[in-house]
>>> print(open('protein01.cif').read())   # mmCIF, C-alpha atoms
data_run
#
loop_
_atom_site.group_PDB
_atom_site.id
_atom_site.type_symbol
_atom_site.label_atom_id
_atom_site.label_comp_id
_atom_site.auth_asym_id
_atom_site.auth_seq_id
_atom_site.Cartn_x
_atom_site.Cartn_y
_atom_site.Cartn_z
ATOM 1 C CA MET A 23 0.000 0.000 0.000
ATOM 2 C CA SER A 24 1.327 3.469 -0.877
ATOM 3 C CA GLU A 25 -0.184 5.253 2.166
ATOM 4 C CA ARG A 26 0.694 4.595 5.778
ATOM 5 C CA VAL A 27 -1.124 1.626 7.242
ATOM 6 C CA ARG A 28 -3.583 2.641 9.950
ATOM 7 C CA LEU A 29 -2.772 0.451 12.939
ATOM 8 C CA ALA A 30 -4.702 -0.666 16.018
ATOM 9 C CA VAL A 31 -2.961 -2.420 18.916
ATOM 10 C CA THR A 32 -4.724 -4.401 21.640
ATOM 11 C CA GLY A 33 -3.021 -5.309 24.898
ATOM 12 C CA ALA A 34 -1.318 -1.935 24.625
ATOM 13 C CA ALA A 35 0.105 -2.073 28.156
ATOM 14 C CA GLY A 36 1.363 -5.647 27.882
ATOM 15 C CA ARG A 37 4.930 -6.689 27.135
ATOM 16 C CA MET A 38 4.433 -7.015 23.394
ATOM 17 C CA GLY A 39 1.855 -4.251 23.096
ATOM 18 C CA ARG A 40 4.374 -1.776 24.441
ATOM 19 C CA GLU A 41 7.047 -3.081 22.088
ATOM 20 C CA VAL A 42 4.777 -2.805 19.046
ATOM 21 C CA LEU A 43 3.713 0.735 19.907
ATOM 22 C CA SER A 44 7.293 1.799 20.559
ATOM 23 C CA ALA A 45 8.526 0.281 17.298
ATOM 24 C CA ALA A 46 5.681 1.858 15.339
ATOM 25 C CA THR A 47 6.791 5.357 16.336
ATOM 26 C CA ASP A 48 10.070 4.838 14.437
ATOM 27 C CA ARG A 49 8.450 3.748 11.166
ATOM 28 C CA ASP A 50 7.155 5.761 8.239
ATOM 29 C CA ASP A 51 4.875 3.025 6.857
ATOM 30 C CA VAL A 52 2.453 2.748 9.798
ATOM 31 C CA GLU A 53 0.321 5.158 11.809
ATOM 32 C CA VAL A 54 -1.120 4.109 15.159
ATOM 33 C CA VAL A 55 -4.740 5.237 15.258
ATOM 34 C CA LEU A 56 -5.845 3.112 18.203
ATOM 35 C CA ALA A 57 -4.211 1.611 21.286
ATOM 36 C CA ALA A 58 -6.553 -0.328 23.555
ATOM 37 C CA ASN A 59 -6.126 -2.145 26.842
ATOM 38 C CA ARG A 60 -8.302 -4.070 29.294
ATOM 39 C CA THR A 61 -7.111 -2.216 32.418
ATOM 40 C CA PRO A 62 -6.965 1.601 32.539
ATOM 41 C CA VAL A 63 -3.729 3.145 31.247
ATOM 42 C CA GLU A 64 -3.294 6.762 30.164
ATOM 43 C CA GLU A 65 -0.786 6.271 27.359
ATOM 44 C CA VAL A 66 1.967 4.029 26.003
ATOM 45 C CA ALA A 67 4.815 5.317 23.820
ATOM 46 C CA GLY A 68 3.017 8.645 23.618
ATOM 47 C CA VAL A 69 -0.205 7.058 22.348
ATOM 48 C CA PRO A 70 -3.419 7.526 24.378
ATOM 49 C CA VAL A 71 -4.860 4.177 25.459
ATOM 50 C CA ARG A 72 -8.595 3.496 25.160
ATOM 51 C CA PRO A 73 -10.732 0.851 26.946
ATOM 52 C CA VAL A 74 -10.766 -2.325 24.869
ATOM 53 C CA ALA A 75 -14.286 -3.148 26.080
ATOM 54 C CA GLU A 76 -15.428 -0.499 23.571
ATOM 55 C CA ILE A 77 -13.533 -2.044 20.665
ATOM 56 C CA ASP A 78 -16.517 -2.161 18.290
ATOM 57 C CA ASP A 79 -17.171 1.566 18.689
ATOM 58 C CA LEU A 80 -13.449 2.323 18.618
ATOM 59 C CA PHE A 81 -13.040 0.515 15.295
ATOM 60 C CA GLU A 82 -15.883 2.587 13.848
ATOM 61 C CA GLU A 83 -14.375 5.798 15.223
ATOM 62 C CA THR A 84 -10.735 5.267 14.213
ATOM 63 C CA MET A 85 -11.111 3.100 11.072
ATOM 64 C CA PRO A 86 -7.862 1.091 11.326
ATOM 65 C CA ASP A 87 -6.609 -1.048 8.454
ATOM 66 C CA VAL A 88 -5.023 -3.717 10.660
ATOM 67 C CA LEU A 89 -5.143 -4.860 14.278
ATOM 68 C CA VAL A 90 -1.994 -6.251 15.922
ATOM 69 C CA ASP A 91 -2.801 -8.489 18.868
ATOM 70 C CA PHE A 92 -0.532 -10.173 21.434
ATOM 71 C CA THR A 93 -2.938 -10.774 24.305
ATOM 72 C CA GLY A 94 -4.461 -14.114 25.384
ATOM 73 C CA PRO A 95 -6.322 -16.802 23.464
ATOM 74 C CA GLU A 96 -9.826 -15.903 24.665
ATOM 75 C CA SER A 97 -9.450 -12.145 24.336
ATOM 76 C CA SER A 98 -7.666 -12.474 21.010
ATOM 77 C CA ALA A 99 -10.529 -14.541 19.585
ATOM 78 C CA ASP A 100 -12.978 -11.823 20.688
ATOM 79 C CA TYR A 101 -10.912 -9.082 19.061
ATOM 80 C CA VAL A 102 -10.530 -11.020 15.827
ATOM 81 C CA SER A 103 -14.310 -11.495 15.713
ATOM 82 C CA ALA A 104 -14.673 -7.737 16.096
ATOM 83 C CA CYS A 105 -12.228 -7.314 13.206
ATOM 84 C CA ALA A 106 -14.386 -9.523 11.001
ATOM 85 C CA ASP A 107 -17.469 -7.437 11.827
ATOM 86 C CA ALA A 108 -15.636 -4.163 11.165
ATOM 87 C CA GLY A 109 -13.704 -5.199 8.048
ATOM 88 C CA VAL A 110 -10.324 -4.858 9.779
ATOM 89 C CA ALA A 111 -7.415 -7.193 8.977
ATOM 90 C CA ALA A 112 -5.640 -8.838 11.920
ATOM 91 C CA VAL A 113 -2.081 -9.830 12.754
ATOM 92 C CA VAL A 114 -2.179 -12.299 15.637
ATOM 93 C CA GLY A 115 0.892 -13.190 17.671
ATOM 94 C CA THR A 116 -1.077 -14.705 20.530
ATOM 95 C CA THR A 117 -0.382 -18.393 21.159
ATOM 96 C CA GLY A 118 -2.087 -21.152 23.128
ATOM 97 C CA PHE A 119 -5.353 -21.247 21.169
ATOM 98 C CA GLY A 120 -7.650 -24.215 21.656
ATOM 99 C CA ASP A 121 -9.840 -25.685 18.944
ATOM 100 C CA ASP A 122 -12.627 -23.158 19.536
ATOM 101 C CA GLY A 123 -10.251 -20.211 19.276
ATOM 102 C CA LEU A 124 -8.709 -21.518 16.071
ATOM 103 C CA ALA A 125 -12.192 -22.035 14.653
ATOM 104 C CA THR A 126 -12.963 -18.388 15.449
ATOM 105 C CA LEU A 127 -9.898 -17.284 13.495
ATOM 106 C CA ASP A 128 -10.891 -19.493 10.566
ATOM 107 C CA SER A 129 -14.402 -18.051 10.600
ATOM 108 C CA ALA A 130 -13.090 -14.478 10.679
ATOM 109 C CA ALA A 131 -10.824 -15.266 7.741
ATOM 110 C CA ASP A 132 -13.915 -15.750 5.607
ATOM 111 C CA SER A 133 -14.443 -11.988 5.895
ATOM 112 C CA VAL A 134 -11.009 -10.393 6.411
ATOM 113 C CA PRO A 135 -7.328 -11.330 6.072
ATOM 114 C CA ILE A 136 -5.983 -12.980 9.235
ATOM 115 C CA LEU A 137 -2.222 -13.443 9.597
ATOM 116 C CA LYS A 138 -1.356 -15.621 12.572
ATOM 117 C CA ALA A 139 2.159 -16.690 13.498
ATOM 118 C CA ALA A 140 3.702 -18.329 16.541
ATOM 119 C CA ASN A 141 6.755 -16.129 16.103
ATOM 120 C CA PHE A 142 7.530 -12.991 14.072
ATOM 121 C CA SER A 143 11.312 -13.356 14.118
ATOM 122 C CA ARG A 144 13.120 -13.823 10.800
ATOM 123 C CA GLY A 145 15.713 -15.864 12.666
ATOM 124 C CA VAL A 146 13.071 -18.283 13.938
ATOM 125 C CA ALA A 147 11.714 -18.641 10.412
ATOM 126 C CA ALA A 148 15.226 -19.555 9.284
ATOM 127 C CA LEU A 149 15.559 -21.973 12.231
ATOM 128 C CA ARG A 150 12.366 -23.770 11.243
ATOM 129 C CA ARG A 151 13.509 -24.189 7.665
ATOM 130 C CA ALA A 152 16.894 -25.467 8.834
ATOM 131 C CA VAL A 153 15.222 -27.925 11.225
ATOM 132 C CA ARG A 154 13.050 -29.367 8.475
ATOM 133 C CA GLU A 155 16.095 -29.857 6.255
ATOM 134 C CA ALA A 156 18.218 -31.364 9.044
ATOM 135 C CA VAL A 157 15.529 -33.816 10.172
ATOM 136 C CA ALA A 158 14.976 -34.940 6.592
ATOM 137 C CA ALA A 159 18.720 -35.443 6.076
ATOM 138 C CA LEU A 160 19.194 -37.405 9.339
ATOM 139 C CA PRO A 161 16.535 -40.145 9.465
ATOM 140 C CA GLY A 162 16.627 -42.245 12.619
ATOM 141 C CA TYR A 163 18.540 -39.678 14.665
ATOM 142 C CA ASP A 164 17.193 -38.770 18.115
ATOM 143 C CA ILE A 165 15.550 -35.359 18.485
ATOM 144 C CA GLU A 166 15.128 -33.195 21.575
ATOM 145 C CA VAL A 167 13.456 -29.775 21.608
ATOM 146 C CA THR A 168 14.093 -27.375 24.501
ATOM 147 C CA GLU A 169 12.642 -23.894 24.943
ATOM 148 C CA THR A 170 13.297 -21.295 27.632
ATOM 149 C CA HIS A 171 11.178 -18.234 28.416
ATOM 150 C CA HIS A 172 10.669 -15.680 31.180
ATOM 151 C CA ASN A 173 8.919 -16.734 34.351
ATOM 152 C CA GLY A 174 5.643 -15.091 33.335
ATOM 153 C CA LYS A 175 5.165 -17.159 30.179
ATOM 154 C CA ARG A 176 1.839 -18.984 30.397
ATOM 155 C CA ASP A 177 1.693 -21.620 27.654
ATOM 156 C CA ALA A 178 4.090 -24.556 27.640
ATOM 157 C CA PRO A 179 5.511 -25.593 25.312
ATOM 158 C CA SER A 180 5.636 -22.171 23.702
ATOM 159 C CA GLY A 181 3.845 -21.472 20.457
ATOM 160 C CA THR A 182 7.190 -21.360 18.664
ATOM 161 C CA ALA A 183 8.244 -24.720 20.104
ATOM 162 C CA ASN A 184 4.940 -26.224 19.005
ATOM 163 C CA ALA A 185 5.472 -24.860 15.496
ATOM 164 C CA VAL A 186 8.948 -26.422 15.397
ATOM 165 C CA LEU A 187 7.538 -29.721 16.684
ATOM 166 C CA GLU A 188 4.893 -29.690 13.966
ATOM 167 C CA ASP A 189 7.641 -29.147 11.387
ATOM 168 C CA ILE A 190 9.504 -32.190 12.727
ATOM 169 C CA GLU A 191 6.350 -34.305 12.783
ATOM 170 C CA THR A 192 5.595 -33.345 9.183
ATOM 171 C CA VAL A 193 8.997 -34.706 8.147
ATOM 172 C CA ARG A 194 9.136 -37.745 10.482
ATOM 173 C CA GLY A 195 5.491 -38.746 10.338
ATOM 174 C CA ASP A 196 5.681 -41.342 13.139
ATOM 175 C CA ALA A 197 7.164 -39.080 15.822
ATOM 176 C CA GLU A 198 5.706 -39.025 19.335
ATOM 177 C CA ARG A 199 6.195 -36.194 21.800
ATOM 178 C CA VAL A 200 7.471 -37.012 25.291
ATOM 179 C CA HIS A 201 7.242 -34.056 27.682
ATOM 180 C CA GLY A 202 10.131 -34.239 30.120
ATOM 181 C CA ARG A 203 11.329 -37.450 31.694
ATOM 182 C CA VAL A 204 11.227 -38.751 35.222
ATOM 183 C CA GLY A 205 12.028 -42.106 36.813
ATOM 184 C CA ASP A 206 12.804 -45.171 34.734
ATOM 185 C CA GLN A 207 12.106 -43.894 31.229
ATOM 186 C CA PRO A 208 14.592 -44.993 28.568
ATOM 187 C CA ARG A 209 14.235 -43.317 25.197
ATOM 188 C CA GLU A 210 12.038 -45.162 22.706
ATOM 189 C CA ASP A 211 12.367 -45.094 18.923
ATOM 190 C CA GLY A 212 10.419 -42.260 17.319
ATOM 191 C CA GLU A 213 10.317 -40.048 20.409
ATOM 192 C CA ILE A 214 10.757 -36.299 20.358
ATOM 193 C CA GLY A 215 11.804 -35.085 23.780
ATOM 194 C CA VAL A 216 10.131 -31.787 24.695
ATOM 195 C CA HIS A 217 11.350 -29.571 27.535
ATOM 196 C CA ALA A 218 9.963 -26.195 28.655
ATOM 197 C CA ARG A 219 11.965 -24.017 31.056
ATOM 198 C CA ARG A 220 10.718 -20.829 32.750
ATOM 199 C CA ALA A 221 13.189 -18.535 34.484
ATOM 200 C CA GLY A 222 13.981 -14.876 35.032
ATOM 201 C CA ASP A 223 13.397 -12.469 32.164
ATOM 202 C CA VAL A 224 14.548 -14.654 29.266
ATOM 203 C CA THR A 225 12.982 -13.279 26.081
ATOM 204 C CA GLY A 226 13.046 -16.577 24.242
ATOM 205 C CA GLU A 227 15.424 -19.399 23.398
ATOM 206 C CA HIS A 228 14.765 -22.504 21.301
ATOM 207 C CA GLU A 229 17.140 -25.404 20.710
ATOM 208 C CA VAL A 230 16.671 -28.467 18.524
ATOM 209 C CA LEU A 231 19.157 -31.249 19.269
ATOM 210 C CA VAL A 232 19.607 -33.982 16.640
ATOM 211 C CA ALA A 233 21.947 -36.827 17.625
ATOM 212 C CA GLY A 234 22.987 -40.211 16.292
ATOM 213 C CA ASN A 235 25.810 -42.117 14.592
ATOM 214 C CA HIS A 236 28.366 -40.676 17.075
ATOM 215 C CA GLU A 237 27.557 -37.080 16.072
ATOM 216 C CA LEU A 238 25.400 -34.255 17.379
ATOM 217 C CA LEU A 239 23.798 -31.286 15.601
ATOM 218 C CA SER A 240 22.425 -28.392 17.644
ATOM 219 C CA LEU A 241 20.278 -25.672 16.064
ATOM 220 C CA THR A 242 19.579 -22.755 18.388
ATOM 221 C CA HIS A 243 17.840 -19.398 18.215
ATOM 222 C CA ARG A 244 18.047 -16.771 20.971
ATOM 223 C CA ALA A 245 16.044 -13.551 20.963
ATOM 224 C CA GLY A 246 17.863 -10.752 22.759
ATOM 225 C CA ALA A 247 14.893 -8.371 22.900
ATOM 226 C CA ARG A 248 11.171 -8.355 22.152
ATOM 227 C CA GLY A 249 11.723 -5.616 19.582
ATOM 228 C CA VAL A 250 12.644 -8.406 17.149
ATOM 229 C CA PHE A 251 9.079 -9.712 17.307
ATOM 230 C CA ALA A 252 7.522 -6.234 17.208
ATOM 231 C CA ALA A 253 9.382 -5.355 14.019
ATOM 232 C CA GLY A 254 8.233 -8.563 12.368
ATOM 233 C CA ALA A 255 4.630 -8.022 13.451
ATOM 234 C CA LEU A 256 4.672 -4.534 11.933
ATOM 235 C CA ASP A 257 6.140 -5.916 8.709
ATOM 236 C CA ALA A 258 3.268 -8.404 8.707
ATOM 237 C CA ALA A 259 0.718 -5.630 9.310
ATOM 238 C CA VAL A 260 2.001 -3.617 6.356
ATOM 239 C CA TRP A 261 2.016 -6.727 4.166
ATOM 240 C CA VAL A 262 -1.477 -7.973 5.061
ATOM 241 C CA ALA A 263 -3.260 -4.607 4.753
ATOM 242 C CA GLY A 264 -5.489 -4.660 1.713
ATOM 243 C CA ARG A 265 -5.092 -8.413 1.043
ATOM 244 C CA ASP A 266 -7.981 -10.675 0.196
ATOM 245 C CA ALA A 267 -9.792 -12.398 3.054
ATOM 246 C CA GLY A 268 -8.119 -15.634 4.146
ATOM 247 C CA ARG A 269 -5.524 -17.157 6.461
ATOM 248 C CA TYR A 270 -1.888 -16.116 6.105
ATOM 249 C CA ASP A 271 1.394 -16.909 7.868
ATOM 250 C CA PHE A 272 4.627 -15.015 8.480
ATOM 251 C CA ASP A 273 6.323 -17.148 5.836
ATOM 252 C CA ASP A 274 4.050 -15.470 3.293
ATOM 253 C CA VAL A 275 5.548 -12.119 4.312
ATOM 254 C CA LEU A 276 9.137 -13.333 4.217
ATOM 255 C CA ASP A 277 8.736 -14.971 0.829
ATOM 256 C CA GLU A 278 7.864 -11.589 -0.721
ATOM 257 C CA ARG A 279 10.536 -9.455 0.957
#
>>> encode(input="protein01.cif", output="structure tokens")
Amino acid sequence: MSERVRLAVTGAAGRMGREVLSAATDRDDVEVVLAANRTPVEEVAGVPVRPVAEIDDLFEETMPDVLVDFTGPESSADYVSACADAGVAAVVGTTGFGDDGLATLDSAADSVPILKAANFSRGVAALRRAVREAVAALPGYDIEVTETHHNGKRDAPSGTANAVLEDIETVRGDAERVHGRVGDQPREDGEIGVHARRAGDVTGEHEVLVAGNHELLSLTHRAGARGVFAAGALDAAVWVAGRDAGRYDFDDVLDER
């Protein structure tokens, strides 16, 4: 789009909401027209924050092109439904959706473009592609997936770890996830060990360990700051604005840039 994309941000006072709003102020291709939050907050990154309970009226008042949402599964599904009613595209970085929440996103995508991704880091996208290639090249090797996040992270494994696990399962086909190990539990053929760690203020770390035949391959991604994800989400917002209704992924953005 030639004009600046009109942006709405929910969860404005949350970790990622603040990062998105801060990053948006440094860009010439987006304009924040709405920041909304569940609990009262005066402003974030110089942007006045409105009550998200009024999101339907706020959409009508501010007319955003795209909503960026990093909140929780239930609230995110509600906001995406509001997007469908208002004709607003949505970029969703929220993870931990159940079947009902995913069905809500699919339903909204009949009316507006919905771009959902477990992670908006270019490095993670590269990690996932490398993992798929490595797993395909090393049949029969053992695989362990470990992720580490800050102590406030709710879903485990993380959305990114689940995306990586799905990549592995697509290649392996017969893989079975084993979450942690305790007691007498020798490794079985076809297992994928899954380990979630929560500590301190770790932004995000994901490691895929592939071992066999007296050799070990470790593929690791570490995010040093949440600004990495905010920048990717804004790239996604610019890309998805004006697209046809449907479901999109961050890979769609990267493949065109």
>>> resolve_selection(input="protein01.cif", expression="the PyMOL selection byres ((chain A and resi 156-168) around 10)", output="number ranges by chain")
A: 150-155, 169-170, 179-180, 183-184, 186-187, 189-194, 197, 199-202, 209-219, 227-235, 237-242
>>> closest_residue(input="protein01.cif", among="A:Ile136, A:Arg220, A:Pro73, A:His172", to="Asp274 (chain A)", atoms="all atoms listed in the file")
A:Ile136
>>> residues_around(input="protein01.cif", residues="Met38 (chain A)", least_positions_apart="6", cutoff="9 Å", atoms="only C-alpha atoms", output="ChimeraX atom specification")
/A:91-93,248-249,251-252
>>> closest_residue(input="protein01.cif", among="A:Thr117, A:Val71, A:Ala57, A:Thr32", to="Ala104 (chain A)", atoms="all atoms listed in the file")
A:Thr32
>>> resolve_selection(input="protein01.cif", expression="the PyMOL selection byres ((chain A and resi 253) around 12)", output="number ranges by chain")
A: 38-39, 41-49, 51-52, 90, 141-144, 247-252, 254-260
>>> resolve_selection(input="protein01.cif", expression="the PyMOL selection byres ((chain A and resi 269) around 9)", output="MDAnalysis selection string")
chainID A and resid 127:128 131:132 134:138 267:268 270:271
>>> axis_aligned_box(input="protein01.cif", around="region 39-51 of chain A", padding_each_side="4 Å", output="JSON")
{"center_x": 6.0, "center_y": 0.8, "center_z": 15.6, "size_x": 16.2, "size_y": 18.0, "size_z": 25.6}
>>> atom_distance(input="protein01.cif", atom1="CA of Ala99 (chain A)", atom2="CA of His171 (chain A)")
23.7 Å
>>> atom_distance(input="protein01.cif", atom1="CA of Arg40 (chain A)", atom2="CA of Ala111 (chain A)")
20.2 Å
>>> closest_residue(input="protein01.cif", among="A:Gly115, A:Gly33, A:Val102, A:Thr126", to="Val74 (chain A)", atoms="only C-alpha atoms")
A:Gly33
>>> atom_distance(input="protein01.cif", atom1="CA of Val114 (chain A)", atom2="CA of Ala139 (chain A)")
6.5 Å
>>> closest_residue(input="protein01.cif", among="A:Leu276, A:Ala67, A:Ala35, A:Val27", to="Asp50 (chain A)", atoms="only C-alpha atoms")
A:Val27
>>> closest_residue(input="protein01.cif", among="A:Val63, A:Gly222, A:Val262, A:Pro95", to="Leu29 (chain A)", atoms="all atoms listed in the file")
A:Val262
>>> closest_residue(input="protein01.cif", among="A:Thr116, A:Asn173, A:Ser103, A:Thr182", to="Asp78 (chain A)", atoms="all atoms listed in the file")
A:Ser103
>>> residues_around(input="protein01.cif", residues="Phe81 (chain A)", least_positions_apart="3", cutoff="10 Å", atoms="all atoms listed in the file", output="list in words")
Ala30, Val55, Leu56, Glu76, Ile77, Asp78, Thr84, Met85, Pro86, Asp87, Leu89, Ala104, Cys105, Asp107, Ala108, Gly109 and Val110 of chain A
>>> build_atoms(input="protein01.cif", residues="region 173-204 of chain A", atoms="N, CA and C atoms", output="PDB file, keeping the file's coordinate frame")
ATOM      1  N   ASN A 173       9.736 -16.026  33.362  1.00  0.00           N
ATOM      2  CA  ASN A 173       8.919 -16.734  34.351  1.00  0.00           C
ATOM      3  C   ASN A 173       7.434 -16.366  34.327  1.00  0.00           C
ATOM      4  N   GLY A 174       7.058 -15.436  33.463  1.00  0.00           N
ATOM      5  CA  GLY A 174       5.643 -15.091  33.335  1.00  0.00           C
ATOM      6  C   GLY A 174       4.974 -15.732  32.135  1.00  0.00           C
ATOM      7  N   LYS A 175       5.723 -16.505  31.372  1.00  0.00           N
ATOM      8  CA  LYS A 175       5.165 -17.159  30.179  1.00  0.00           C
ATOM      9  C   LYS A 175       4.120 -18.182  30.585  1.00  0.00           C
ATOM     10  N   ARG A 176       2.945 -18.138  29.957  1.00  0.00           N
ATOM     11  CA  ARG A 176       1.839 -18.984  30.397  1.00  0.00           C
ATOM     12  C   ARG A 176       1.816 -20.335  29.704  1.00  0.00           C
ATOM     13  N   ASP A 177       1.869 -20.354  28.363  1.00  0.00           N
ATOM     14  CA  ASP A 177       1.693 -21.620  27.654  1.00  0.00           C
ATOM     15  C   ASP A 177       3.005 -22.386  27.556  1.00  0.00           C
ATOM     16  N   ALA A 178       2.918 -23.685  27.722  1.00  0.00           N
ATOM     17  CA  ALA A 178       4.090 -24.556  27.640  1.00  0.00           C
ATOM     18  C   ALA A 178       3.685 -25.868  26.992  1.00  0.00           C
ATOM     19  N   PRO A 179       4.415 -26.299  25.971  1.00  0.00           N
ATOM     20  CA  PRO A 179       5.511 -25.593  25.312  1.00  0.00           C
ATOM     21  C   PRO A 179       5.035 -24.291  24.659  1.00  0.00           C
ATOM     22  N   SER A 180       5.957 -23.442  24.336  1.00  0.00           N
ATOM     23  CA  SER A 180       5.636 -22.171  23.702  1.00  0.00           C
ATOM     24  C   SER A 180       5.041 -22.402  22.317  1.00  0.00           C
ATOM     25  N   GLY A 181       4.394 -21.376  21.799  1.00  0.00           N
ATOM     26  CA  GLY A 181       3.845 -21.472  20.457  1.00  0.00           C
ATOM     27  C   GLY A 181       4.913 -21.744  19.425  1.00  0.00           C
ATOM     28  N   THR A 182       6.084 -21.133  19.605  1.00  0.00           N
ATOM     29  CA  THR A 182       7.190 -21.360  18.664  1.00  0.00           C
ATOM     30  C   THR A 182       7.666 -22.799  18.736  1.00  0.00           C
ATOM     31  N   ALA A 183       7.822 -23.326  19.962  1.00  0.00           N
ATOM     32  CA  ALA A 183       8.244 -24.720  20.104  1.00  0.00           C
ATOM     33  C   ALA A 183       7.240 -25.666  19.461  1.00  0.00           C
ATOM     34  N   ASN A 184       5.958 -25.380  19.629  1.00  0.00           N
ATOM     35  CA  ASN A 184       4.940 -26.224  19.005  1.00  0.00           C
ATOM     36  C   ASN A 184       5.026 -26.163  17.484  1.00  0.00           C
ATOM     37  N   ALA A 185       5.323 -24.981  16.952  1.00  0.00           N
ATOM     38  CA  ALA A 185       5.472 -24.860  15.496  1.00  0.00           C
ATOM     39  C   ALA A 185       6.664 -25.679  15.007  1.00  0.00           C
ATOM     40  N   VAL A 186       7.764 -25.633  15.755  1.00  0.00           N
ATOM     41  CA  VAL A 186       8.948 -26.422  15.397  1.00  0.00           C
ATOM     42  C   VAL A 186       8.625 -27.918  15.484  1.00  0.00           C
ATOM     43  N   LEU A 187       7.915 -28.316  16.528  1.00  0.00           N
ATOM     44  CA  LEU A 187       7.538 -29.721  16.684  1.00  0.00           C
ATOM     45  C   LEU A 187       6.651 -30.189  15.532  1.00  0.00           C
ATOM     46  N   GLU A 188       5.741 -29.336  15.103  1.00  0.00           N
ATOM     47  CA  GLU A 188       4.893 -29.690  13.966  1.00  0.00           C
ATOM     48  C   GLU A 188       5.718 -29.846  12.693  1.00  0.00           C
ATOM     49  N   ASP A 189       6.743 -28.999  12.534  1.00  0.00           N
ATOM     50  CA  ASP A 189       7.641 -29.147  11.387  1.00  0.00           C
ATOM     51  C   ASP A 189       8.322 -30.518  11.409  1.00  0.00           C
ATOM     52  N   ILE A 190       8.815 -30.897  12.584  1.00  0.00           N
ATOM     53  CA  ILE A 190       9.504 -32.190  12.727  1.00  0.00           C
ATOM     54  C   ILE A 190       8.543 -33.338  12.431  1.00  0.00           C
ATOM     55  N   GLU A 191       7.339 -33.246  12.972  1.00  0.00           N
ATOM     56  CA  GLU A 191       6.350 -34.305  12.783  1.00  0.00           C
ATOM     57  C   GLU A 191       5.937 -34.423  11.324  1.00  0.00           C
ATOM     58  N   THR A 192       5.924 -33.306  10.610  1.00  0.00           N
ATOM     59  CA  THR A 192       5.595 -33.345   9.183  1.00  0.00           C
ATOM     60  C   THR A 192       6.642 -34.147   8.415  1.00  0.00           C
ATOM     61  N   VAL A 193       7.911 -33.991   8.825  1.00  0.00           N
ATOM     62  CA  VAL A 193       8.997 -34.706   8.147  1.00  0.00           C
ATOM     63  C   VAL A 193       9.048 -36.165   8.599  1.00  0.00           C
ATOM     64  N   ARG A 194       8.968 -36.396   9.921  1.00  0.00           N
ATOM     65  CA  ARG A 194       9.136 -37.745  10.482  1.00  0.00           C
ATOM     66  C   ARG A 194       7.878 -38.607  10.334  1.00  0.00           C
ATOM     67  N   GLY A 195       6.732 -38.003  10.507  1.00  0.00           N
ATOM     68  CA  GLY A 195       5.491 -38.746  10.338  1.00  0.00           C
ATOM     69  C   GLY A 195       5.106 -39.583  11.539  1.00  0.00           C
ATOM     70  N   ASP A 196       6.012 -40.428  12.046  1.00  0.00           N
ATOM     71  CA  ASP A 196       5.681 -41.342  13.139  1.00  0.00           C
ATOM     72  C   ASP A 196       6.209 -40.866  14.485  1.00  0.00           C
ATOM     73  N   ALA A 197       6.567 -39.592  14.589  1.00  0.00           N
ATOM     74  CA  ALA A 197       7.164 -39.080  15.822  1.00  0.00           C
ATOM     75  C   ALA A 197       6.122 -38.965  16.933  1.00  0.00           C
ATOM     76  N   GLU A 198       6.588 -39.149  18.169  1.00  0.00           N
ATOM     77  CA  GLU A 198       5.706 -39.025  19.335  1.00  0.00           C
ATOM     78  C   GLU A 198       6.375 -38.132  20.371  1.00  0.00           C
ATOM     79  N   ARG A 199       5.646 -37.127  20.829  1.00  0.00           N
ATOM     80  CA  ARG A 199       6.195 -36.194  21.800  1.00  0.00           C
ATOM     81  C   ARG A 199       6.222 -36.809  23.198  1.00  0.00           C
ATOM     82  N   VAL A 200       7.350 -36.615  23.890  1.00  0.00           N
ATOM     83  CA  VAL A 200       7.471 -37.012  25.291  1.00  0.00           C
ATOM     84  C   VAL A 200       7.880 -35.765  26.065  1.00  0.00           C
ATOM     85  N   HIS A 201       7.017 -35.315  26.978  1.00  0.00           N
ATOM     86  CA  HIS A 201       7.242 -34.056  27.682  1.00  0.00           C
ATOM     87  C   HIS A 201       8.001 -34.313  28.981  1.00  0.00           C
ATOM     88  N   GLY A 202       9.295 -34.022  28.950  1.00  0.00           N
ATOM     89  CA  GLY A 202      10.131 -34.239  30.120  1.00  0.00           C
ATOM     90  C   GLY A 202      10.285 -35.726  30.405  1.00  0.00           C
ATOM     91  N   ARG A 203      11.143 -36.043  31.319  1.00  0.00           N
ATOM     92  CA  ARG A 203      11.329 -37.450  31.694  1.00  0.00           C
ATOM     93  C   ARG A 203      11.575 -37.528  33.203  1.00  0.00           C
ATOM     94  N   VAL A 204      11.010 -38.553  33.799  1.00  0.00           N
ATOM     95  CA  VAL A 204      11.227 -38.751  35.222  1.00  0.00           C
ATOM     96  C   VAL A 204      11.194 -40.249  35.508  1.00  0.00           C
TER      97      VAL A 204
END
